[in-house]
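**Q** Got input-v1.cif for you, mmCIF, C-alpha atoms:
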```cif
data_run
#
loop_
_atom_site.label_atom_id
_atom_site.label_comp_id
_atom_site.auth_asym_id
_atom_site.auth_seq_id
_atom_site.Cartn_x
_atom_site.Cartn_y
_atom_site.Cartn_z
CA MET Q 23 0.00 0.00 0.00
CA ILE Q 24 1.22 3.49 -0.83
CA THR Q 25 1.58 5.92 2.07
CA PRO Q 26 0.61 9.61 2.05
CA ALA Q 27 4.31 10.50 1.88
CA LEU Q 28 4.92 8.24 -1.11
CA HIS Q 29 1.77 9.54 -2.80
CA GLU Q 30 3.09 13.06 -2.39
CA ALA Q 31 6.56 12.09 -3.65
CA ALA Q 32 5.11 10.37 -6.73
CA ALA Q 33 3.01 13.44 -7.51
CA ARG Q 34 6.04 15.74 -7.21
CA LEU Q 35 8.12 13.48 -9.47
CA LEU Q 36 5.32 13.22 -12.05
CA ASP Q 37 5.03 17.00 -12.09
CA ASP Q 38 8.80 17.36 -12.46
CA ILE Q 39 8.94 14.97 -15.43
CA LEU Q 40 6.02 16.55 -17.26
CA GLY Q 41 7.13 20.10 -16.52
CA GLY Q 42 10.81 19.97 -17.37
CA PRO Q 43 13.18 18.98 -20.18
CA GLY Q 44 14.94 15.67 -20.39
CA ALA Q 45 13.91 12.04 -20.36
CA ALA Q 46 11.87 10.56 -17.52
CA ASP Q 47 14.53 8.07 -16.44
CA ALA Q 48 17.18 10.80 -16.09
CA ARG Q 49 14.86 13.09 -14.12
CA MET Q 50 13.83 10.16 -11.94
CA ASP Q 51 17.49 9.37 -11.17
CA ARG Q 52 18.08 12.98 -10.14
CA PHE Q 53 14.95 12.96 -7.98
CA PHE Q 54 16.03 9.81 -6.12
CA ARG Q 55 19.58 11.09 -5.63
CA ALA Q 56 18.05 14.12 -3.92
CA GLN Q 57 16.00 11.81 -1.65
CA PRO Q 58 18.67 9.54 -0.07
CA ARG Q 59 16.38 8.49 2.78
CA LEU Q 60 14.09 6.61 0.40
CA GLY Q 61 14.80 2.87 0.47
CA PRO Q 62 14.79 0.57 -2.57
CA LYS Q 63 11.25 -0.62 -1.91
CA ASP Q 64 9.88 2.92 -1.63
CA ARG Q 65 11.71 3.94 -4.80
CA GLY Q 66 10.20 0.98 -6.59
CA VAL Q 67 6.68 1.97 -5.51
CA ILE Q 68 7.22 5.57 -6.63
CA ALA Q 69 8.76 4.56 -9.97
CA GLU Q 70 5.95 2.12 -10.79
CA THR Q 71 3.31 4.68 -9.85
CA VAL Q 72 4.90 7.46 -11.89
CA TYR Q 73 5.49 5.34 -14.98
CA GLY Q 74 1.91 4.08 -14.82
CA SER Q 75 0.66 7.65 -14.49
CA LEU Q 76 2.77 8.69 -17.50
CA ARG Q 77 1.52 5.81 -19.67
CA HIS Q 78 -2.14 6.51 -18.98
CA HIS Q 79 -1.86 10.23 -18.27
CA ARG Q 80 -4.53 11.50 -20.64
CA LEU Q 81 -7.11 8.94 -19.52
CA LEU Q 82 -6.27 9.61 -15.86
CA CYS Q 83 -6.77 13.32 -16.42
CA ALA Q 84 -10.20 12.52 -17.84
CA PHE Q 85 -11.03 10.45 -14.74
CA ALA Q 86 -9.74 13.17 -12.42
CA GLN Q 87 -11.18 16.08 -14.42
CA THR Q 88 -7.86 17.83 -13.87
CA ALA Q 89 -4.14 17.51 -14.63
CA GLU Q 90 -3.20 18.25 -10.99
CA PRO Q 91 -0.51 15.64 -10.23
CA ARG Q 92 -1.78 14.45 -6.83
CA ARG Q 93 -5.24 13.76 -8.23
CA VAL Q 94 -3.83 12.12 -11.37
CA VAL Q 95 -1.77 9.76 -9.20
CA ALA Q 96 -4.88 9.04 -7.15
CA ALA Q 97 -6.74 8.23 -10.37
CA TRP Q 98 -3.97 5.74 -11.24
CA LEU Q 99 -4.35 4.09 -7.83
CA ALA Q 100 -8.12 3.83 -8.26
CA ALA Q 101 -8.09 2.67 -11.89
CA PHE Q 102 -5.11 0.32 -11.94
CA GLU Q 103 -4.25 -0.55 -8.33
CA GLY Q 104 -7.79 -1.16 -7.09
CA TYR Q 105 -7.89 1.52 -4.38
CA ASN Q 106 -11.32 2.27 -2.98
CA ALA Q 107 -12.72 5.57 -1.71
CA ARG Q 108 -11.76 4.87 1.91
CA GLN Q 109 -8.14 4.16 0.98
CA LEU Q 110 -7.93 7.29 -1.16
CA GLN Q 111 -9.43 9.38 1.63
CA ALA Q 112 -6.68 8.09 3.94
CA LEU Q 113 -4.19 9.59 1.47
CA GLY Q 114 -5.87 12.97 1.74
CA VAL Q 115 -7.70 12.78 -1.58
CA ALA Q 116 -10.76 15.02 -1.75
CA HIS Q 117 -14.06 13.66 -3.10
CA PRO Q 118 -12.69 10.11 -3.48
CA GLU Q 119 -16.09 8.57 -4.29
CA ALA Q 120 -16.40 10.56 -7.52
CA LEU Q 121 -12.85 9.67 -8.54
CA VAL Q 122 -13.38 5.94 -7.93
CA ALA Q 123 -16.64 5.99 -9.85
CA ALA Q 124 -14.97 7.66 -12.85
CA ALA Q 125 -11.99 5.32 -12.73
CA ARG Q 126 -14.25 2.28 -12.84
CA SER Q 127 -16.55 3.56 -15.59
CA ASP Q 128 -16.67 2.19 -19.13
CA ARG Q 129 -13.58 3.47 -20.95
CA ASP Q 130 -15.23 3.01 -24.33
CA ILE Q 131 -17.15 6.24 -23.74
CA TYR Q 132 -13.95 8.20 -24.33
CA PRO Q 133 -12.49 9.07 -27.76
CA PHE Q 134 -9.68 6.82 -28.99
CA ALA Q 135 -6.99 9.41 -28.28
CA VAL Q 136 -8.14 9.66 -24.65
CA SER Q 137 -8.59 5.95 -23.95
CA ALA Q 138 -5.24 5.24 -25.65
CA SER Q 139 -3.62 8.14 -23.76
CA LEU Q 140 -2.15 9.74 -26.88
CA PRO Q 141 -1.96 13.33 -28.09
CA ASP Q 142 -4.59 13.99 -30.76
CA TRP Q 143 -2.02 14.40 -33.53
CA LEU Q 144 -0.25 11.13 -32.72
CA ALA Q 145 -3.52 9.19 -32.42
CA ALA Q 146 -4.57 10.53 -35.83
CA ARG Q 147 -1.33 9.39 -37.45
CA LEU Q 148 -1.58 5.91 -35.96
CA ALA Q 149 -5.13 5.64 -37.25
CA THR Q 150 -3.88 6.21 -40.82
CA LEU Q 151 -1.09 3.62 -40.49
CA LEU Q 152 -3.14 0.71 -39.21
CA PRO Q 153 -6.50 -0.82 -40.16
CA ALA Q 154 -9.34 0.07 -37.82
CA SER Q 155 -9.49 -3.54 -36.64
CA GLU Q 156 -6.02 -3.15 -35.08
CA HIS Q 157 -6.47 0.21 -33.33
CA GLY Q 158 -7.52 -1.31 -30.02
CA ALA Q 159 -4.73 -3.89 -29.96
CA ALA Q 160 -2.16 -1.27 -30.94
CA ALA Q 161 -3.29 1.06 -28.16
CA THR Q 162 -3.21 -1.73 -25.59
CA ALA Q 163 0.29 -2.80 -26.63
CA LEU Q 164 1.64 0.75 -26.57
CA LEU Q 165 0.28 1.23 -23.05
CA ALA Q 166 1.74 -2.00 -21.67
CA PRO Q 167 5.19 -2.00 -20.01
CA ALA Q 168 7.84 -3.53 -22.25
CA PRO Q 169 9.51 -6.80 -21.21
CA LEU Q 170 13.21 -7.04 -20.48
CA ASP Q 171 15.03 -8.41 -23.55
CA ILE Q 172 18.72 -9.29 -23.68
CA ARG Q 173 20.93 -10.31 -26.61
CA THR Q 174 23.45 -13.11 -26.19
CA ASN Q 175 27.01 -12.09 -27.07
CA THR Q 176 28.01 -14.96 -29.34
CA LEU Q 177 31.66 -13.93 -29.12
CA LYS Q 178 31.63 -15.42 -25.62
CA THR Q 179 28.71 -17.84 -25.25
CA ASP Q 180 25.51 -19.11 -26.86
CA ARG Q 181 21.86 -18.55 -25.95
CA ALA Q 182 21.22 -21.95 -24.35
CA ALA Q 183 24.31 -21.74 -22.18
CA LEU Q 184 23.48 -18.18 -21.11
CA GLN Q 185 19.88 -19.14 -20.27
CA GLN Q 186 21.08 -22.01 -18.09
CA SER Q 187 23.73 -19.91 -16.38
CA LEU Q 188 21.28 -17.15 -15.47
CA ALA Q 189 18.70 -19.68 -14.29
CA ARG Q 190 21.20 -21.09 -11.80
CA THR Q 191 21.29 -17.69 -10.09
CA GLY Q 192 17.49 -17.34 -10.02
CA HIS Q 193 16.99 -15.38 -13.24
CA ASP Q 194 14.58 -17.34 -15.40
CA LEU Q 195 14.38 -16.04 -18.96
CA SER Q 196 12.71 -17.50 -22.05
CA PRO Q 197 13.96 -17.50 -25.66
CA THR Q 198 12.54 -14.64 -27.71
CA PRO Q 199 10.21 -15.84 -30.49
CA LEU Q 200 11.89 -13.92 -33.33
CA SER Q 201 15.53 -13.24 -32.49
CA PRO Q 202 17.74 -16.36 -32.29
CA TRP Q 203 20.03 -14.48 -29.88
CA GLY Q 204 17.42 -13.11 -27.49
CA LEU Q 205 16.17 -14.01 -24.02
CA ARG Q 206 13.19 -12.37 -22.35
CA ARG Q 207 11.83 -11.76 -18.89
CA ALA Q 208 8.46 -10.13 -18.38
CA ALA Q 209 9.46 -8.29 -15.20
CA ARG Q 210 12.46 -6.16 -14.35
CA ALA Q 211 15.44 -8.01 -12.95
CA GLY Q 212 18.82 -7.13 -11.48
CA LEU Q 213 20.76 -8.59 -14.39
CA PHE Q 214 23.37 -5.84 -14.33
CA ARG Q 215 24.66 -7.30 -11.07
CA THR Q 216 25.20 -10.79 -12.46
CA PRO Q 217 28.62 -12.34 -13.23
CA GLU Q 218 27.35 -12.99 -16.77
CA PHE Q 219 26.87 -9.27 -17.40
CA ALA Q 220 30.25 -8.40 -15.92
CA ALA Q 221 31.84 -11.00 -18.21
CA GLY Q 222 30.18 -9.49 -21.28
CA HIS Q 223 27.96 -12.47 -22.06
CA PHE Q 224 24.93 -10.31 -22.93
CA GLU Q 225 23.63 -6.84 -23.62
CA VAL Q 226 20.17 -5.47 -22.86
CA GLN Q 227 18.54 -4.93 -26.27
CA ASP Q 228 14.92 -5.02 -27.41
CA GLU Q 229 14.15 -7.99 -29.63
CA GLY Q 230 13.16 -5.70 -32.48
CA SER Q 231 16.54 -4.00 -32.33
CA GLN Q 232 18.18 -7.43 -32.49
CA LEU Q 233 16.65 -7.96 -35.97
CA ILE Q 234 18.36 -4.89 -37.46
CA ALA Q 235 22.04 -5.90 -37.77
CA PRO Q 236 21.20 -9.15 -39.66
CA LEU Q 237 19.53 -7.07 -42.40
CA LEU Q 238 23.00 -5.93 -43.47
CA GLU Q 239 23.99 -9.59 -43.96
CA PRO Q 240 27.56 -8.77 -42.92
CA ARG Q 241 30.36 -11.00 -44.16
CA ARG Q 242 33.60 -11.67 -42.38
CA GLY Q 243 36.42 -9.35 -43.34
CA GLU Q 244 34.19 -6.57 -44.67
CA ARG Q 245 34.36 -2.87 -43.85
CA ILE Q 246 31.15 -1.69 -42.23
CA VAL Q 247 30.04 1.69 -40.86
CA ASP Q 248 27.49 2.29 -38.12
CA TYR Q 249 26.92 5.95 -38.99
CA CYS Q 250 24.79 6.93 -35.96
CA ALA Q 251 26.21 4.43 -33.48
CA GLY Q 252 25.13 6.12 -30.25
CA ALA Q 253 25.95 3.89 -27.30
CA GLY Q 254 26.49 1.03 -29.72
CA GLY Q 255 23.88 -1.69 -29.22
CA LYS Q 256 23.71 -2.49 -32.93
CA THR Q 257 27.47 -1.91 -33.34
CA LEU Q 258 28.19 -4.65 -30.81
CA HIS Q 259 25.77 -6.99 -32.56
CA LEU Q 260 27.48 -6.36 -35.89
CA SER Q 261 30.85 -7.08 -34.29
CA ALA Q 262 29.55 -10.44 -33.07
CA LEU Q 263 28.06 -11.28 -36.49
CA LEU Q 264 31.45 -10.51 -38.03
CA ALA Q 265 33.11 -12.80 -35.46
CA ASN Q 266 35.45 -9.91 -34.59
CA SER Q 267 36.80 -9.79 -38.16
CA GLY Q 268 36.99 -6.97 -40.68
CA MET Q 269 36.77 -3.32 -39.73
CA LEU Q 270 33.70 -1.84 -38.03
CA TYR Q 271 33.58 1.96 -37.84
CA ALA Q 272 31.33 3.48 -35.17
CA PHE Q 273 30.53 7.14 -35.85
CA ASP Q 274 28.42 9.58 -33.85
CA THR Q 275 28.34 13.28 -33.01
CA SER Q 276 28.06 12.57 -29.26
CA GLN Q 277 31.34 11.90 -27.52
CA LYS Q 278 29.45 10.91 -24.37
CA ARG Q 279 27.45 8.18 -26.13
CA LEU Q 280 30.57 6.87 -27.84
CA GLY Q 281 32.30 6.75 -24.46
CA ARG Q 282 29.64 4.29 -23.32
CA LEU Q 283 30.28 2.25 -26.47
CA ARG Q 284 33.99 2.03 -25.60
CA GLU Q 285 33.13 0.57 -22.19
CA ARG Q 286 30.62 -1.88 -23.63
CA ALA Q 287 32.96 -3.00 -26.42
CA THR Q 288 35.72 -3.74 -23.93
CA ARG Q 289 33.38 -5.80 -21.77
CA ALA Q 290 31.99 -7.65 -24.80
CA GLY Q 291 35.44 -8.48 -26.18
CA CYS Q 292 34.84 -6.65 -29.48
CA ASP Q 293 38.23 -5.92 -31.02
CA ASN Q 294 37.26 -4.83 -34.54
CA ILE Q 295 35.52 -1.53 -33.69
CA ARG Q 296 37.08 1.83 -34.56
CA ILE Q 297 35.28 4.69 -32.80
CA GLN Q 298 35.25 8.27 -34.10
CA THR Q 299 33.33 11.36 -33.03
CA LEU Q 300 31.91 13.27 -36.01
CA GLU Q 301 31.28 16.96 -36.48
CA THR Q 302 27.65 17.99 -36.76
CA GLY Q 303 26.83 18.10 -40.46
CA PRO Q 304 29.22 16.98 -43.23
CA ASP Q 305 32.59 15.87 -41.87
CA ASN Q 306 35.44 16.21 -44.37
CA ARG Q 307 37.45 13.54 -42.57
CA LEU Q 308 35.13 10.93 -44.04
CA LYS Q 309 36.08 11.69 -47.65
CA ARG Q 310 38.81 9.07 -47.51
CA LEU Q 311 36.08 6.44 -47.05
CA TYR Q 312 33.76 7.62 -49.85
CA GLY Q 313 32.78 4.73 -52.09
CA LYS Q 314 34.85 2.21 -50.10
CA ILE Q 315 32.49 0.79 -47.45
CA ASP Q 316 30.75 -2.55 -47.99
CA ARG Q 317 27.76 -1.90 -45.73
CA VAL Q 318 26.48 1.21 -43.96
CA LEU Q 319 23.90 1.32 -41.18
CA VAL Q 320 22.03 4.59 -40.61
CA ASP Q 321 20.08 4.32 -37.36
CA ALA Q 322 18.74 7.84 -37.74
CA PRO Q 323 17.83 10.18 -34.88
CA CYS Q 324 14.04 10.12 -34.67
CA SER Q 325 10.98 10.80 -32.54
CA GLY Q 326 11.25 7.45 -30.72
CA THR Q 327 7.51 6.91 -31.04
CA GLY Q 328 8.13 3.18 -31.38
CA THR Q 329 9.56 3.07 -27.85
CA VAL Q 330 6.71 4.60 -25.83
CA ARG Q 331 6.28 1.30 -23.96
CA ARG Q 332 9.67 1.98 -22.37
CA SER Q 333 9.60 5.78 -22.37
CA PRO Q 334 5.96 6.89 -22.03
CA ASP Q 335 7.01 10.48 -21.40
CA ILE Q 336 7.91 10.73 -25.11
CA LYS Q 337 4.20 11.06 -25.89
CA TRP Q 338 3.93 14.23 -23.83
CA ARG Q 339 7.33 15.80 -24.65
CA LEU Q 340 7.18 15.37 -28.43
CA ALA Q 341 5.75 18.32 -30.34
CA GLU Q 342 4.17 17.64 -33.72
CA GLU Q 343 6.41 20.15 -35.49
CA ARG Q 344 9.48 18.39 -34.08
CA VAL Q 345 8.70 15.37 -36.29
CA THR Q 346 9.21 17.51 -39.40
CA GLU Q 347 12.57 18.72 -38.07
CA LEU Q 348 13.71 15.18 -37.30
CA ALA Q 349 12.67 13.92 -40.72
CA GLY Q 350 14.73 16.69 -42.31
CA GLN Q 351 17.75 15.69 -40.23
CA ALA Q 352 17.28 12.06 -41.23
CA ARG Q 353 17.24 12.98 -44.94
CA ALA Q 354 20.50 14.90 -44.57
CA ILE Q 355 22.19 12.10 -42.61
CA LEU Q 356 21.08 9.43 -45.08
CA THR Q 357 22.47 11.46 -47.98
CA GLN Q 358 25.81 11.96 -46.18
CA ALA Q 359 26.11 8.29 -45.25
CA ALA Q 360 25.26 7.12 -48.78
CA ARG Q 361 28.51 8.64 -50.04
CA LEU Q 362 30.42 5.97 -48.13
CA VAL Q 363 28.84 2.97 -49.87
CA ARG Q 364 30.90 1.23 -52.57
CA PRO Q 365 29.28 0.12 -55.83
CA GLY Q 366 27.45 -3.10 -55.07
CA GLY Q 367 27.37 -2.24 -51.36
CA ARG Q 368 24.40 -1.99 -49.05
CA LEU Q 369 22.82 0.93 -47.18
CA LEU Q 370 20.36 0.25 -44.34
CA TYR Q 371 18.07 3.00 -43.03
CA VAL Q 372 16.47 2.41 -39.61
CA THR Q 373 14.37 4.31 -37.10
CA CYS Q 374 12.55 3.44 -33.89
CA SER Q 375 9.66 5.62 -35.07
CA VAL Q 376 6.25 4.48 -36.27
CA LEU Q 377 5.60 7.70 -38.21
CA ARG Q 378 5.50 7.72 -42.00
CA GLU Q 379 7.19 11.13 -42.20
CA GLU Q 380 10.36 9.69 -40.67
CA ASN Q 381 10.20 6.39 -42.54
CA GLU Q 382 8.61 5.79 -45.95
CA ASP Q 383 8.65 9.49 -46.83
CA VAL Q 384 12.39 9.78 -46.13
CA ILE Q 385 13.10 6.73 -48.30
CA ALA Q 386 10.87 8.04 -51.09
CA ASP Q 387 12.68 11.39 -51.12
CA PHE Q 388 16.08 9.67 -51.11
CA LEU Q 389 15.15 7.42 -54.03
CA ALA Q 390 13.74 10.37 -55.96
CA GLU Q 391 17.20 11.93 -55.79
CA HIS Q 392 19.37 8.80 -55.90
CA GLY Q 393 17.08 6.23 -57.52
CA GLY Q 394 19.48 5.68 -60.36
CA ASP Q 395 22.11 4.47 -57.90
CA TYR Q 396 20.06 2.63 -55.27
CA THR Q 397 17.43 -0.11 -55.40
CA PRO Q 398 15.21 -1.17 -52.45
CA ILE Q 399 15.77 -4.76 -51.27
CA ASP Q 400 13.01 -6.86 -49.68
CA THR Q 401 13.76 -6.93 -45.94
CA HIS Q 402 11.54 -9.93 -45.25
CA GLY Q 403 13.45 -12.08 -47.72
CA VAL Q 404 16.70 -11.19 -45.97
CA LEU Q 405 15.29 -12.12 -42.55
CA THR Q 406 14.03 -15.41 -43.94
CA ARG Q 407 17.51 -16.21 -45.30
CA ARG Q 408 18.90 -15.45 -41.85
CA GLY Q 409 16.45 -17.88 -40.24
CA ILE Q 410 14.14 -15.16 -38.88
CA PRO Q 411 10.89 -15.46 -40.86
CA LEU Q 412 7.90 -13.33 -39.90
CA SER Q 413 4.39 -14.64 -40.36
CA ALA Q 414 2.52 -13.34 -43.39
CA GLN Q 415 -0.10 -11.79 -41.12
CA ALA Q 416 2.58 -9.67 -39.44
CA ILE Q 417 4.04 -8.17 -42.62
CA ASP Q 418 3.07 -4.86 -44.21
CA ALA Q 419 3.04 -4.63 -47.98
CA GLY Q 420 6.25 -3.45 -49.61
CA PRO Q 421 9.97 -4.13 -49.19
CA SER Q 422 10.42 -2.32 -45.88
CA LEU Q 423 10.28 -3.85 -42.41
CA ARG Q 424 7.78 -2.49 -39.90
CA LEU Q 425 7.74 -3.93 -36.41
CA TRP Q 426 4.80 -3.18 -34.11
CA PRO Q 427 4.35 -3.96 -30.41
CA HIS Q 428 0.89 -5.46 -30.97
CA ARG Q 429 1.97 -7.62 -33.92
CA HIS Q 430 5.48 -8.68 -32.98
CA GLY Q 431 5.84 -8.05 -29.25
CA THR Q 432 8.77 -5.70 -29.95
CA ASP Q 433 9.28 -1.97 -29.91
CA GLY Q 434 8.18 -0.18 -33.07
CA PHE Q 435 10.87 -0.17 -35.77
CA PHE Q 436 11.19 0.70 -39.45
CA ALA Q 437 13.97 -0.56 -41.71
CA GLN Q 438 14.71 -0.39 -45.42
CA ILE Q 439 17.66 -1.94 -47.25
CA LEU Q 440 19.02 -0.08 -50.28
CA GLN Q 441 21.46 -1.74 -52.67
CA ARG Q 442 23.87 0.46 -54.61
CA GLY Q 443 24.20 -0.46 -58.27
#
```
Starting from the file, lay out its structure as structure tokens.
**A**
Amino acid sequence: MITPALHEAAARLLDDILGGPGAADARMDRFFRAQPRLGPKDRGVIAETVYGSLRHHRLLCAFAQTAEPRRVVAAWLAAFEGYNARQLQALGVAHPEALVAAARSDRDIYPFAVSASLPDWLAARLATLLPASEHGAAATALLAPAPLDIRTNTLKTDRAALQQSLARTGHDLSPTPLSPWGLRRAARAGLFRTPEFAAGHFEVQDEGSQLIAPLLEPRRGERIVDYCAGAGGKTLHLSALLANSGMLYAFDTSQKRLGRLRERATRAGCDNIRIQTLETGPDNRLKRLYGKIDRVLVDAPCSGTGTVRRSPDIKWRLAEERVTELAGQARAILTQAARLVRPGGRLLYVTCSVLREENEDVIADFLAEHGGDYTPIDTHGVLTRRGIPLSAQAIDAGPSLRLWPHRHGTDGFFAQILQRG
């Protein structure tokens, strides 16, 4: 049971996340560092309450008839934790009977954007991307907490051995249905404290993300570029698929993110990665690689709308006009990265967005300008060759890959392979 003090703390943290810049997890870390007297159990209660309130924020505001954080948190407790009027009154909640009645009313009376807890503009875009028969399932999946997925580092172990090793220490995980390297646990677990993590036997990576590197079909000894490497989840997977051979360049404009990649690569035993911080915009230092790279991955900066299961605050921080800006950045990055690809080489464009503006529209514009040089390759055929077939019912028409939480149990991803002639 939540106490009045924890109710108050959760409301303050919710208000801080919604009212300030930065991601929810970072603001939550700062909040807890400033509250050293809170124990692990209390922090867990606050975190669960706040993330639940973020996921369902718009619906909770409708129940509460206000966006006031304390009442929104109370609406979460009534709607999803089963609190009754007497329990809410003990927390100091005014008019608890009305709140409980609203929280237990039929949610179908609300518009889709409200029941799905989405901004109007985002709900409208989703409605154009999916058939009406899938709207309810998509909304449910986007509101559900994501499972914990890890990817086996095949440079050091295999999936079966890792599963058995973790089980011996009380961490029971199941094989992921799509990725042949993945293991999954529905609930959070302290896997970062395990000997297996310290030894570099796995990385935390959503199953959908684990399907990206195989689309490049990397071959041992090749030169490959991860153009927007970030902290390097896909870079490390590529290194493992190459069996530590060839040359794998990891580029990014963020020195901080690349610093995390250095640490992860050392732990994972990846010896074929060359890390370089890029200037924002065209970087003349890359000219020496123009037309010489076998395969280039562009995991473009995007809205992250495919990851709202993990980061529900994205829904409330993302402005509609920001999507246009991000799509423009993605076009520029894709054009820059394409210069690296050798004739006959492969270019892979990826986002963790579900929005057409950042996905199909970017590819269409690129092909309109470079269509004489690049040809789209069917992503589903590549996955099938790699032993990762998707069911026909889970595939959108066209050569691109779209992963959806409600169809595939993964985060939302888009990917398109382009072959240079």
**Q** Counting only C-alpha atoms, I want the residues whose atoms come within 7 Å of (16.9, -7.4, -37.8) in the file frame, returned as a VMD selection string.
**A** chain Q and resid 230 to 237 405
**Q** Residues near range 118-130 of chain Q, anyone? I mean within 10 Å using all atoms listed in the file, not counting same-chain ones fewer than 6 positions away, as a list in words.
**A**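 Contacts, with the query itself left out: Leu81, Leu82, Ala84, Phe85, Ala86, Gln87, Arg93, Val94, Ala96, Ala97, Trp98, Leu99, Ala100, Ala101, Phe102, Gly104, Tyr105, Asn106, Ala107, Arg108, Gln109, Leu110, Gln111, Ala112, Val136, Ser137 and Ala138 of chain Q.
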**Q** Which residues come within 9 Å of Gln441 in chain Q, counting all atoms listed in the file, excluding same-chain residues fewer than 4 positions away, as a list of chain:residue names?
**A**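 The residues satisfying every condition are Q:Pro365, Q:Gly366, Q:Gly367, Q:Arg368, Q:Leu369, Q:Leu370, Q:Asp395, Q:Tyr396, Q:Thr397, Q:Pro398, Q:Ile399.
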**Q** Expand the PyMOL selection byres ((chain Q and resi 302) around 12) into the explicit residue set it covers here, and present it as a list of chain:residue names.
**A**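 Output of the PyMOL selection byres ((chain Q and resi 302) around 12): Q:Cys250, Q:Phe273, Q:Asp274, Q:Thr275, Q:Ser276, Q:Gln277, Q:Thr299, Q:Leu300, Q:Glu301, Q:Gly303, Q:Pro304, Q:Asp305, Q:Asn306, Q:Gln351, Q:Ala354, Q:Ile355, Q:Gln358.
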**Q** Excluding Arg364 in chain Q and its own-chain neighbours fewer than 3 positions away, which residues fall within 8 Å of it when counting all atoms listed in the file? Please give them as a list in words.
**A**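 Here the answer would be Tyr312, Gly313, Lys314, Ile315, Asp316, Gly367 and Arg442 of chain Q.
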**Q** If the PyMOL selection byres ((chain Q and resi 266) around 10) is run on the structure shown, which residues does it catch, given as a list in words?
**A**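 Written out, the selection comes to Leu177, Arg242, Gly243, Leu258, Leu260, Ser261, Ala262, Leu263, Leu264, Ala265, Ser267, Gly268, Met269, Leu270, Gly291, Cys292, Asp293, Asn294 and Ile295 of chain Q.
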**Q** Identify which of the residues Q:Met23, Q:Ala272, Q:Ala437, Q:Leu195 lies closest to Leu423 in chain Q, counting all atoms listed in the file when measuring atom-to-atom distances.
**A** Q:Ala437
**Q** Quick one: distance from CA of Arg279 in chain Q to CA of Ala251 in chain Q in Å, one decimal?
**A**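 Those two atoms sit 8.3 Å apart.
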**Q** Could you list, as a VMD selection string, every residue within 10 Å of Phe134 in chain Q, counting all atoms listed in the file and ignoring same-chain residues fewer than 3 positions away?
**A** chain Q and resid 129 to 131 137 to 140 142 145 to 146 149 157 to 158 161
**Q** When distances are computed from all atoms listed in the file, which of Q:Val372, Q:Ala168, Q:Ala89, Q:Ile68 shows the smallest separation from Leu40 in chain Q?
**A**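 Selected residue with least distance to Leu40 in chain Q: Q:Ala89.
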**Q** Near range 206-216 of chain Q, within 9 Å and counting all atoms listed in the file, which residues show up once chain neighbours fewer than 5 positions away are dropped, as a PDB file with C-alpha atoms, in the frame of the given file?
**A**
```pdb
ATOM      1  CA  PRO Q 167       5.190  -2.000 -20.010  1.00  0.00           C
ATOM      2  CA  ALA Q 168       7.840  -3.530 -22.250  1.00  0.00           C
ATOM      3  CA  PRO Q 169       9.510  -6.800 -21.210  1.00  0.00           C
ATOM      4  CA  LEU Q 170      13.210  -7.040 -20.480  1.00  0.00           C
ATOM      5  CA  ASP Q 171      15.030  -8.410 -23.550  1.00  0.00           C
ATOM      6  CA  ILE Q 172      18.720  -9.290 -23.680  1.00  0.00           C
ATOM      7  CA  LEU Q 188      21.280 -17.150 -15.470  1.00  0.00           C
ATOM      8  CA  THR Q 191      21.290 -17.690 -10.090  1.00  0.00           C
ATOM      9  CA  HIS Q 193      16.990 -15.380 -13.240  1.00  0.00           C
ATOM     10  CA  ASP Q 194      14.580 -17.340 -15.400  1.00  0.00           C
ATOM     11  CA  LEU Q 195      14.380 -16.040 -18.960  1.00  0.00           C
ATOM     12  CA  SER Q 196      12.710 -17.500 -22.050  1.00  0.00           C
ATOM     13  CA  PRO Q 197      13.960 -17.500 -25.660  1.00  0.00           C
ATOM     14  CA  THR Q 198      12.540 -14.640 -27.710  1.00  0.00           C
ATOM     15  CA  ALA Q 221      31.840 -11.000 -18.210  1.00  0.00           C
ATOM     16  CA  GLU Q 229      14.150  -7.990 -29.630  1.00  0.00           C
TER      17      GLU Q 229
END
```
**Q** Kindly provide, as JSON, the centre and edge lengths (Å, one decimal) of an axis-aligned box around all atoms of range 215-232 of chain Q given in the file, with 3 Å on each side.
**A**
```
{"center_x": 22.5, "center_y": -8.5, "center_z": -21.8, "size_x": 24.7, "size_y": 15.0, "size_z": 27.4}
```
**Q** Using all atoms listed in the file, which residue out of Q:Thr373, Q:Arg353, Q:Gly114, Q:Arg407 lies closest to Glu391 in chain Q?
**A** Q:Arg353
**Q** Have a look at CA of Glu239 in chain Q and CA of Val404 in chain Q and let me know their distance in Å, one decimal.
**A** 7.7 Å
**Q** Quick one: of Q:Ala416, Q:Val320, Q:Ala48, Q:Leu356, who's nearest to His428 in chain Q, counting all atoms listed in the file?
**A**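 Nearest candidate to His428 in chain Q out of Q:Ala416, Q:Val320, Q:Ala48, Q:Leu356: Q:Ala416.
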**Q** For Ala56 in chain Q, which residue out of Q:Asp37, Q:Lys337, Q:Ala116, Q:Ala31 is the nearest one, using only C-alpha atoms?
**A**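 Of Q:Asp37, Q:Lys337, Q:Ala116, Q:Ala31, the one nearest Ala56 in chain Q, counting only C-alpha atoms, is Q:Ala31.
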**Q** Could you state the separation of CA of Arg317 in chain Q and CA of Gly394 in chain Q in Å, given to one decimal place?
**A** 18.4 Å
**Q** Tell me which of Q:Leu205, Q:Arg361, Q:Leu152, Q:Asp64 sits closest to Arg424 in chain Q, counting only C-alpha atoms.
**A**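 With only C-alpha atoms as the atom set, the closest residue is Q:Leu152.
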